[in-house]
Every structure is written in structure tokens, then in C-alpha cells.
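*Asks:* Okay, handing you the structure first.
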Amino acid sequence: MKILFIASEVEGLVKTGGLADVAYALPKELQRLGHDVRIVMPAYRSLNDIWMQWPKRQFSTKISYFNTETVDARYGEHEDLPIIAIDHPASFDRNGIYDDGHDAFYDNPYRFTVMTKAALDWCKLENWQPDIVHANDWQSSLAGFFLQEHYRHDPFFSATRSVLSIHNGAYQMHCDPKWLAQVGIDQRFYNPSDFEDNGHLNMLKGALGFADGVTTVSPGYAAELTTPIGGHGIDFKFRNLHRPIVGILNGCDYDQWNPETDPWLLAQFATPDDGGKARCKLGLQREMGLSIDAKVPLLATICRLVDQKGITYLIPVFKELMANHNCQVAMLGSGDPLLVAQLEQIQAEFPDRFRFVNGYDAGLSHRIEAGSDAFLMPSIFEPCGLNQIYSLRYGTVPLVREVGGLQDSVCRLSKSERNLKSATGFMFSELSEAALLEEVLRMLNVYQHKQTQWKALQRNGMAKRFSWKKSACQYQEFYRLLLDAPRAEHPLA
Ligand code: ADP
């Protein structure tokens with residue numbers, strides 16, 4: 001199959017979250033399965049040194065009835081993956097990537113529409129007829145809409161099917177309806193069933209009605225998206241797709257996340273007690289300025305500091321743990337300045353037991369995964385989540401909330417502790433400080449008093465594999481299903 005993968009971030013080039021991991025690993029695995037995959041992404045300024053070396057081809061892309069843009073497609077490779085970087089300086093030659101809410105990014109709806117439309121026009125330029133156009137999140141979500149509306153009668157795309165993958169349904173791109181005409185959406189689609197959302201243009205919501213197939217990154221999140229609680233306000237759209245949304249659990253890139261070979265670590269390890277993990281723990285305590293103590297339970301968290309990650313109810317739990325329990329915390333994250341301030345305050349109060357690093361640091365994230373005893377992920381919602389999967393591989397026992405991909409990837413230790421053959425971590429359900437604290441204390445009790453159980457959790461976790469090959473095979477199967485079915489027809493297109 002020829003697969004055009006459109007993404008706003010790709011691991012190794014530009015990354016803010018899990019989408020980047022998928023946009024690298026899935027195309028790579030599809031390539032291994034023998035498919036011809038091309039990734040289209042923006043030529044952001046941060047990577048100018050790379051793009052500028054790449055050969056380019058200029059072409060025009062018609063965004064709407066009155067807007068045509070001239071762009072350069074820059075041709076390069078990223079670890080054998082063919083990349084087409086859309087070079088459109090007005091859209092991408094600026095500091096930052098999205099930064100929603102900042103005035104400098106007021107034109108996000110337009111910038112990413114240029115990327116999406118250019119991706120489709122690039123196919124025509126190169127006479128490269130895609131079987132599948134795979135869009136990701138709101139940024140490229142309009143691909144399916146364009147195929148159905150703008151290229152409806154174009155024989156070039158008559159056999160093409162579109163897939164839209166939701167990596168995080170909370171980001172939908174609500175904007176002023178003035179963008180409708182600019183991004184090529186006709187007024188007739190501005191209705192409550194399509195792009196209109198309480199007086200705003202909602203790009204993702206509307207786009208869902210035009211994709212031949214919609215997927216998301218775990219079966220648990222697929223089910224949640226169709227419910228009023230988990231559907232981010234557009235659950236009715238997820239319930240009324242052309243075909244039911246499919247949840248395919250993300251894999252893990254074990255070339256990067258393998259404690260036996262990880263170059264970021266002070267010591268590599270193959271089992272939780274071959275000495276390597278213990279050295280990583282001491283190294284992490286030293287690096288983070290925590291007191292050096294092999295026995296004290298070291299809990300970790302790595303995440304974007306946003307509401308989704310449950311930080312607001314993790315903070316009081318941290319305070320309670322610091323005040324009344326014997327443990328340490330190593331945390332890495334960046335985002336909301338109010339949360340940063342609260343975390344820095346706990347650090348100031350307990351400097352040798354609580355350490356928060358405000359920033360984004362790939363190497364440190366590996367060392368935290370390796371050197372910690374447990375990993376806390378109490379997300380309010382979590383489409384898939386990657387850190388709990390990394391934790392498992394590094395013998396760091398995850399404690400997660402029973403939600404989305406967390407419940408699909410962690411097997412909870414039952415209250416009776418009889419499932420020691422399969423359990424890999426701890427899980428709680430209720431979205432409350434009390435429920436989180438109760439489970440953390442239960443975990444600390446197992447760590448401190450039940451070594452056999454703890455070792456079993458570590459070993460089970462380290463033996464688990466979330467292979468990208470398996471996920472890629474599921475995507476492949478889904479693509480085939482779409483190619484064998486008639487194109488989805490939107491009644492107004
Ligand atoms: P999300 O996509 O919601 O941010 P995921 O758990 O799916 O959450 O993916 C987050 C990815 O970003 C992981 O690879 C994680 O290690 C990485 N990450 C998040 N915050 C940081 C940080 N501050 N420093 C280094 N890596 C981070």
C-alpha cells in the first residue's frame with residue numbers, strides 16, 4: 001500500500017507528546033511490513049539547519065476559493081523514513097510549534113490547513129497515488145474533508161481512503177468561524193452536526209464526519225470517547241461515525257526504551273536485581289540532589305503539566321507523603337506555571353526528598369524511568385499513555401488510574417494479591433485525592449513489607465512487550481477493510 005502519513009510532530013525531529021512517538025514508530029513498522037510510507041510534516045524553524053540541506057520542489061496549493069499558497073516540498077529522510085517537509089515560511093518559520101492561546105499562533109487553523117492541503121497536492125505533483133491518507137489529530141484532520149469535498153470528482157483520489165487517528169480528543173481546535181472560508185470549508189457545513197460548536201468552528205468535530213475510518217490509541221479510550229464523560233463534549237460525533245471508532249493500543253519503541261542497552265543510563269540491567277537498577281537509583285538520587293538511600297521508596301512522575309495528567313490532585317498527595325511518610329519523589333515536567341510554582345514550593349520545603357525539574361529532558365526521562373521504584377500516573381483521562389509502558393520495561397512499578405490506555409496496559413495487583421503471575425502494577429478508579437492516596441499507601445506497604453510480591457510485579461512488567469509490529473498489523477488490517485469498502489459519503493458533500 002501507499003500510505004501518506006500527515007503529522008504535526010515526529011519523534012527525533014520535533015516533539016511535544018505521544019503523537020510524535022506514533023508518527024515515527026508506526027510509519028517505521030508499516031515500512032517493515034513492506035508498505036510505501038511517506039510522512040508529511042511542517043518545516044518548522046527549529047529544524048531549519050536540517051531542512052535547508054534538503055532538495056526542494058515548489059508548487060501551488062489551493063486552500064480555499066480565494067486563497068492559493070506557494071509552498072516548497074523539501075525531500076529528506078529521518079532514519080530511513082521518507083519525509084516531505086512543507087516549507088511555508090509564513091506558517092512555520094517562527095519560534096514554537098502550536099502554543100495555543102498565544103497571539104503569535106492565532107492563525108493555527110490556517111497554518112495546519114496549509115500543511116494538510118499541501119500534503120494532498122504533493123501527491124498529485126509527484127503522481128504518487130496514496131491508497132491511504134492517514135491524518136492525525138486536529139492539525140491534519142481536514143484531509144478526509146478535502147478528499148470528500150474538494151477532490152470529490154478527481155479521479156486521482158477516487159480509490160484513496162482516509163483515516164483520522166485521535167491521539168488526544170481534548171484538542172479540537174475551536175476557533176472563530178471567520179476561519180471557515182479561509183480554510184476552505186463551505187458555509188453549508190457550518191451546522192451543529194458538522195463544524196459548528198456553540199457558535200465556534202470546531203475543526204476536529206466536523207472532520208470526524210468525513211473520515212472513512214477513525215481510530216484512537218487504545219480500546220479503552222475508544223470506548224470512553226463515545227460517552228458523555230469521556231467524549232470531550234463531542235461524544236455524539238464519536239457515536240455516529242461511518243463505522244465505529246477502532247482502538248489500537250500504541251506500541252513501545254524498544255530500540256529506545258530498553259534497559260539492557262539504554263545509552264542514557266549509568267548502568268544497564270536485564271533484571272530488577274542484577275545490580276544495574278540499584279546503581280541507576282543511586283545515580284538518580286545523586287543527579288537530582290535527593291538524599292542517597294537505596295532502601296527508601298523513590299516515586300516518579302514525568303509529564304506535561306496540564307489538567308489531564310491529574311497533577312492538581314497529585315500535589316496534595318505529594319504534600320501528605322512528604323509530611324507523614326518515608327519516600328522520595330523525582331518529577332520531571334513542564335507546562336502550567338501555577339502547577340510549577342506549587343511543585344517548587346514542595347521542593348523548597350523538602351529539598352532532600354522531593355525534586356522537581358521544570359523542563360523537557362529526554363536523557364533525564366530515561367534515567368528517572370530506570371532509577372525509580374514506582375511511577376505515578378493518575379490521569380483524569382489518558383488516550384494511551386507511554387510512560388507507564390516504559391516503566392514496565394524498566395522494572396519501575398506503575399500506579400495508574402483506571403482510564404483509557406492505562407487500564408489496557410497495566411494489570412492491577414488484586415486486593416487478594418492472588419494474581420501475582422500476571423499483575424504488573426497498581427490501579428485506582430475514583431477521581432479523588434483520597435483514592436489516589438489510598439492506592440499509593442497500599443503500594444508503599446507492598447514495597448516495604450512484601451518483597452516477593454514487589455519482585456513479581458517488577459518481573460512481570462519487565463517481561464511484557466507492547467510491540468509496534470502488532471499495532472501496525474492492526475492498522476494494516478483496518479486500512480484493508482477500508483479499501484475493500486465503498487468510500488464514506490457525507491450527505492452534504
Ligand atoms: P502525552 O502525549 O499526553 O504527553 P504520553 O505519555 O502519551 O503523554 O507521551 C508523553 C511522551 O513525552 C513520553 O515519551 C514522555 O516520556 C515524554 N515527555 C513528557 N514530558 C516530558 C519531559 N518533561 N521531559 C522528557 N520527556 C517528556
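Residues in the C-alpha cells are named by chain (A, B, ... in the order shown) and by number from 1 within that chain; ligands are numbered from 1 in the order shown.
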Give me every alpha helix (DSSP H) residue in region 41-231 of chain A, going by DSSP on the backbone, as a ChimeraX atom specification.
*Replies:* /A:48-51,89-92,108-125,137-140,142-149,179-182,203-208,219-225
*Asks:* So that I can see what lies close to Asn168 (chain A), please list as JSON, numbers by chain the residues with an atom at most 9 Å from it, counting only C-alpha atoms and leaving out residues fewer than 6 positions away in the same chain.
*Replies:* {"A": [18, 19, 137, 216, 217, 382, 383, 384]}
*Asks:* Counting only C-alpha atoms and all ligand atoms, which residue out of A:His88, A:His366, A:Lys237, A:His490 sits closest to ligand 1?
*Replies:*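 Of all the options, A:His366 lies closest to ligand 1.
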*Asks:* Collect all residues with atoms no farther than 7 Å from ligand 1, counting only C-alpha atoms and all ligand atoms, and output them as a list in words.
*Replies:*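 Counting only C-alpha atoms and all ligand atoms, the residues within 7 Å of ligand 1 come out as Thr16, Gly17, Gly18, Leu19, Asp21, Ile302, Cys303, Arg304, Leu332, Gly333, Ser334, Gly359, Tyr360, Asp361, Ala362, Leu364, Ser365, Glu382, Cys384, Gly385, Leu386 and Asn387 of chain A.
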*Asks:* Leaving out Gln342 (chain A) and any residue of its chain fewer than 6 positions from it, which residues lie within 10 Å of it when counting only C-alpha atoms, given as a list of chain:residue names?
*Replies:* A:Thr312, A:Ile315, A:Pro316, A:Ala348
*Asks:* Write out, as an mmCIF file, in the first residue's frame, the residues just selected, with C-alpha atoms.
*Replies:*
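selection.cif, freshly written:
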```
data_model
loop_
_atom_site.group_PDB
_atom_site.id
_atom_site.type_symbol
_atom_site.label_atom_id
_atom_site.label_comp_id
_atom_site.auth_asym_id
_atom_site.auth_seq_id
_atom_site.Cartn_x
_atom_site.Cartn_y
_atom_site.Cartn_z
ATOM 1 C CA THR A 312 -3.954 19.055 40.826
ATOM 2 C CA ILE A 315 0.038 17.726 44.575
ATOM 3 C CA PRO A 316 -1.893 17.322 47.869
ATOM 4 C CA ALA A 348 11.713 24.095 48.819
#
```
*Asks:* Just checking: using only C-alpha atoms, which residue out of A:Pro263, A:Pro486, A:Pro109, A:Gly310 ends up closest to Val183 (chain A)?
*Replies:*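 Among A:Pro263, A:Pro486, A:Pro109, A:Gly310, it is A:Pro109 that comes nearest to Val183 (chain A).
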*Asks:* Ranking A:Asp262, A:Glu69, A:Asp307, A:Glu224 by minimum distance to Thr113 (chain A) and counting only C-alpha atoms, which one comes first?
*Replies:*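 Going through A:Asp262, A:Glu69, A:Asp307, A:Glu224 one by one, the smallest distance to Thr113 (chain A) is for A:Glu69.
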*Asks:* Find the residues near Lys464 (chain A): any atom within 9 Å, counting only C-alpha atoms, skip ones fewer than 6 places away on the same chain, and give them as a PDB file with N, CA and C atoms, in the first residue's frame.
*Replies:*
```pdb
ATOM      1  N   ILE A 389       4.154   2.412  30.122  1.00  0.00           N
ATOM      2  CA  ILE A 389       4.677   1.284  29.332  1.00  0.00           C
ATOM      3  C   ILE A 389       6.207   1.232  29.463  1.00  0.00           C
ATOM      4  N   LEU A 392       7.098  -0.193  32.899  1.00  0.00           N
ATOM      5  CA  LEU A 392       7.028  -1.654  32.980  1.00  0.00           C
ATOM      6  C   LEU A 392       8.347  -2.263  32.517  1.00  0.00           C
ATOM      7  N   ARG A 393       8.837  -1.765  31.390  1.00  0.00           N
ATOM      8  CA  ARG A 393      10.062  -2.347  30.809  1.00  0.00           C
ATOM      9  C   ARG A 393      11.281  -2.128  31.709  1.00  0.00           C
ATOM     10  N   THR A 424       0.982  -6.397  37.113  1.00  0.00           N
ATOM     11  CA  THR A 424       2.164  -5.587  36.786  1.00  0.00           C
ATOM     12  C   THR A 424       2.169  -4.248  37.522  1.00  0.00           C
TER      13      THR A 424
END
```
*Asks:* If you measure from CA of Val357 (chain A) to CA of Glu438 (chain A), what distance in Å do you get, rounded to one decimal?
*Replies:*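 The value is 26.0 Å.
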*Asks:* Rank nothing, just name the residue among A:Ile311, A:Leu481, A:Ala118, A:Ala294 nearest to Ser162 (chain A), using only C-alpha atoms.
*Replies:*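 Comparing A:Ile311, A:Leu481, A:Ala118, A:Ala294 against Ser162 (chain A), the winner is A:Leu481.
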*Asks:* For Gly209 (chain A), which residue among A:Gln458, A:Gln53, A:Ser141, A:Thr261 is the nearest when counting only C-alpha atoms?
*Replies:*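 Once distances to Gly209 (chain A) are computed over only C-alpha atoms, the minimum belongs to A:Ser141.
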*Asks:* Enter the distance from CA of Ala181 (chain A) to CA of Ala85 (chain A), in Å, rounded to one decimal.
*Replies:*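 If I compute the distance from CA of Ala181 (chain A) to CA of Ala85 (chain A), I get 25.3 Å.
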*Asks:* Taking the DSSP assignment computed from this structure's backbone, write out as number ranges by chain all residues of region 168-221 of chain A that belong to strand (DSSP E).
*Replies:* A: 174-175, 196-197, 200-202, 213-216
*Asks:* List the spatial neighbours of Pro259 (chain A) as a list in words - criterion: any atom at most 7 Å away, only C-alpha atoms, same-chain residues fewer than 6 positions off excluded.
*Replies:*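 These residues fall inside the cut-off: Gln268, Phe269, Ala270 and Tyr394 of chain A.
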*Asks:* Could you tell me which of A:Asp103, A:Glu126, A:Asp80, A:Asp373 comes closest to Phe59 (chain A) if we count only C-alpha atoms?
*Replies:* A:Glu126
*Asks:* If we count only C-alpha atoms, what is near region 173-180 of chain A at a cut-off of 8 Å, once residues fewer than 3 positions away on the same chain are taken out, given as a short mmCIF file (atom, residue, chain, number, x, y, z; two decimals) with N, CA and C atoms, in the first residue's frame?
*Replies:*
```cif
data_model
loop_
_atom_site.label_atom_id
_atom_site.label_comp_id
_atom_site.auth_asym_id
_atom_site.auth_seq_id
_atom_site.Cartn_x
_atom_site.Cartn_y
_atom_site.Cartn_z
N PRO A 109 -5.36 27.50 12.79
CA PRO A 109 -6.25 26.78 11.86
C PRO A 109 -5.74 26.85 10.42
N TYR A 110 -5.20 28.00 10.07
CA TYR A 110 -4.75 28.18 8.69
C TYR A 110 -3.42 27.47 8.44
N TRP A 138 -6.30 17.15 15.33
CA TRP A 138 -7.00 18.22 14.61
C TRP A 138 -6.13 18.83 13.51
N VAL A 183 -10.08 28.38 5.40
CA VAL A 183 -9.55 27.02 5.33
C VAL A 183 -10.36 26.14 4.36
N GLY A 184 -11.23 26.76 3.61
CA GLY A 184 -11.90 26.04 2.53
C GLY A 184 -13.09 25.21 2.96
N ILE A 185 -13.76 25.61 4.07
CA ILE A 185 -14.96 24.88 4.49
C ILE A 185 -16.18 25.72 4.10
N ASP A 186 -17.00 25.18 3.24
CA ASP A 186 -18.17 25.91 2.76
C ASP A 186 -19.16 26.12 3.91
N GLN A 187 -19.87 27.26 3.83
CA GLN A 187 -20.83 27.63 4.88
C GLN A 187 -21.87 26.53 5.16
N ASP A 197 -19.95 24.50 16.63
CA ASP A 197 -19.95 24.04 18.02
C ASP A 197 -20.19 25.26 18.91
N GLY A 199 -21.45 28.20 18.39
CA GLY A 199 -21.03 29.49 17.83
C GLY A 199 -19.57 29.54 17.41
N HIS A 200 -18.86 28.42 17.56
CA HIS A 200 -17.47 28.36 17.13
C HIS A 200 -17.30 27.36 15.99
N LEU A 201 -16.21 27.53 15.29
CA LEU A 201 -15.80 26.49 14.35
C LEU A 201 -15.00 25.46 15.15
N ASN A 202 -15.39 24.19 15.07
CA ASN A 202 -14.66 23.12 15.74
C ASN A 202 -14.14 22.18 14.65
N MET A 203 -12.84 22.28 14.40
CA MET A 203 -12.28 21.55 13.25
C MET A 203 -12.35 20.04 13.40
N LEU A 204 -11.94 19.55 14.57
CA LEU A 204 -11.93 18.09 14.75
C LEU A 204 -13.34 17.51 14.68
#
```
*Asks:* As a VMD selection string, please: the residues near region 144-149 of chain A (cut-off 6 Å, only C-alpha atoms, same-chain neighbours under 3 positions excluded).
*Replies:* chain A and resid 152 162 210 to 211 493
*Asks:* One number please: CA of His232 (chain A) to CA of Glu477 (chain A), in Å, one decimal.
*Replies:*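 According to the coordinates, CA of His232 (chain A) and CA of Glu477 (chain A) are separated by 27.9 Å.
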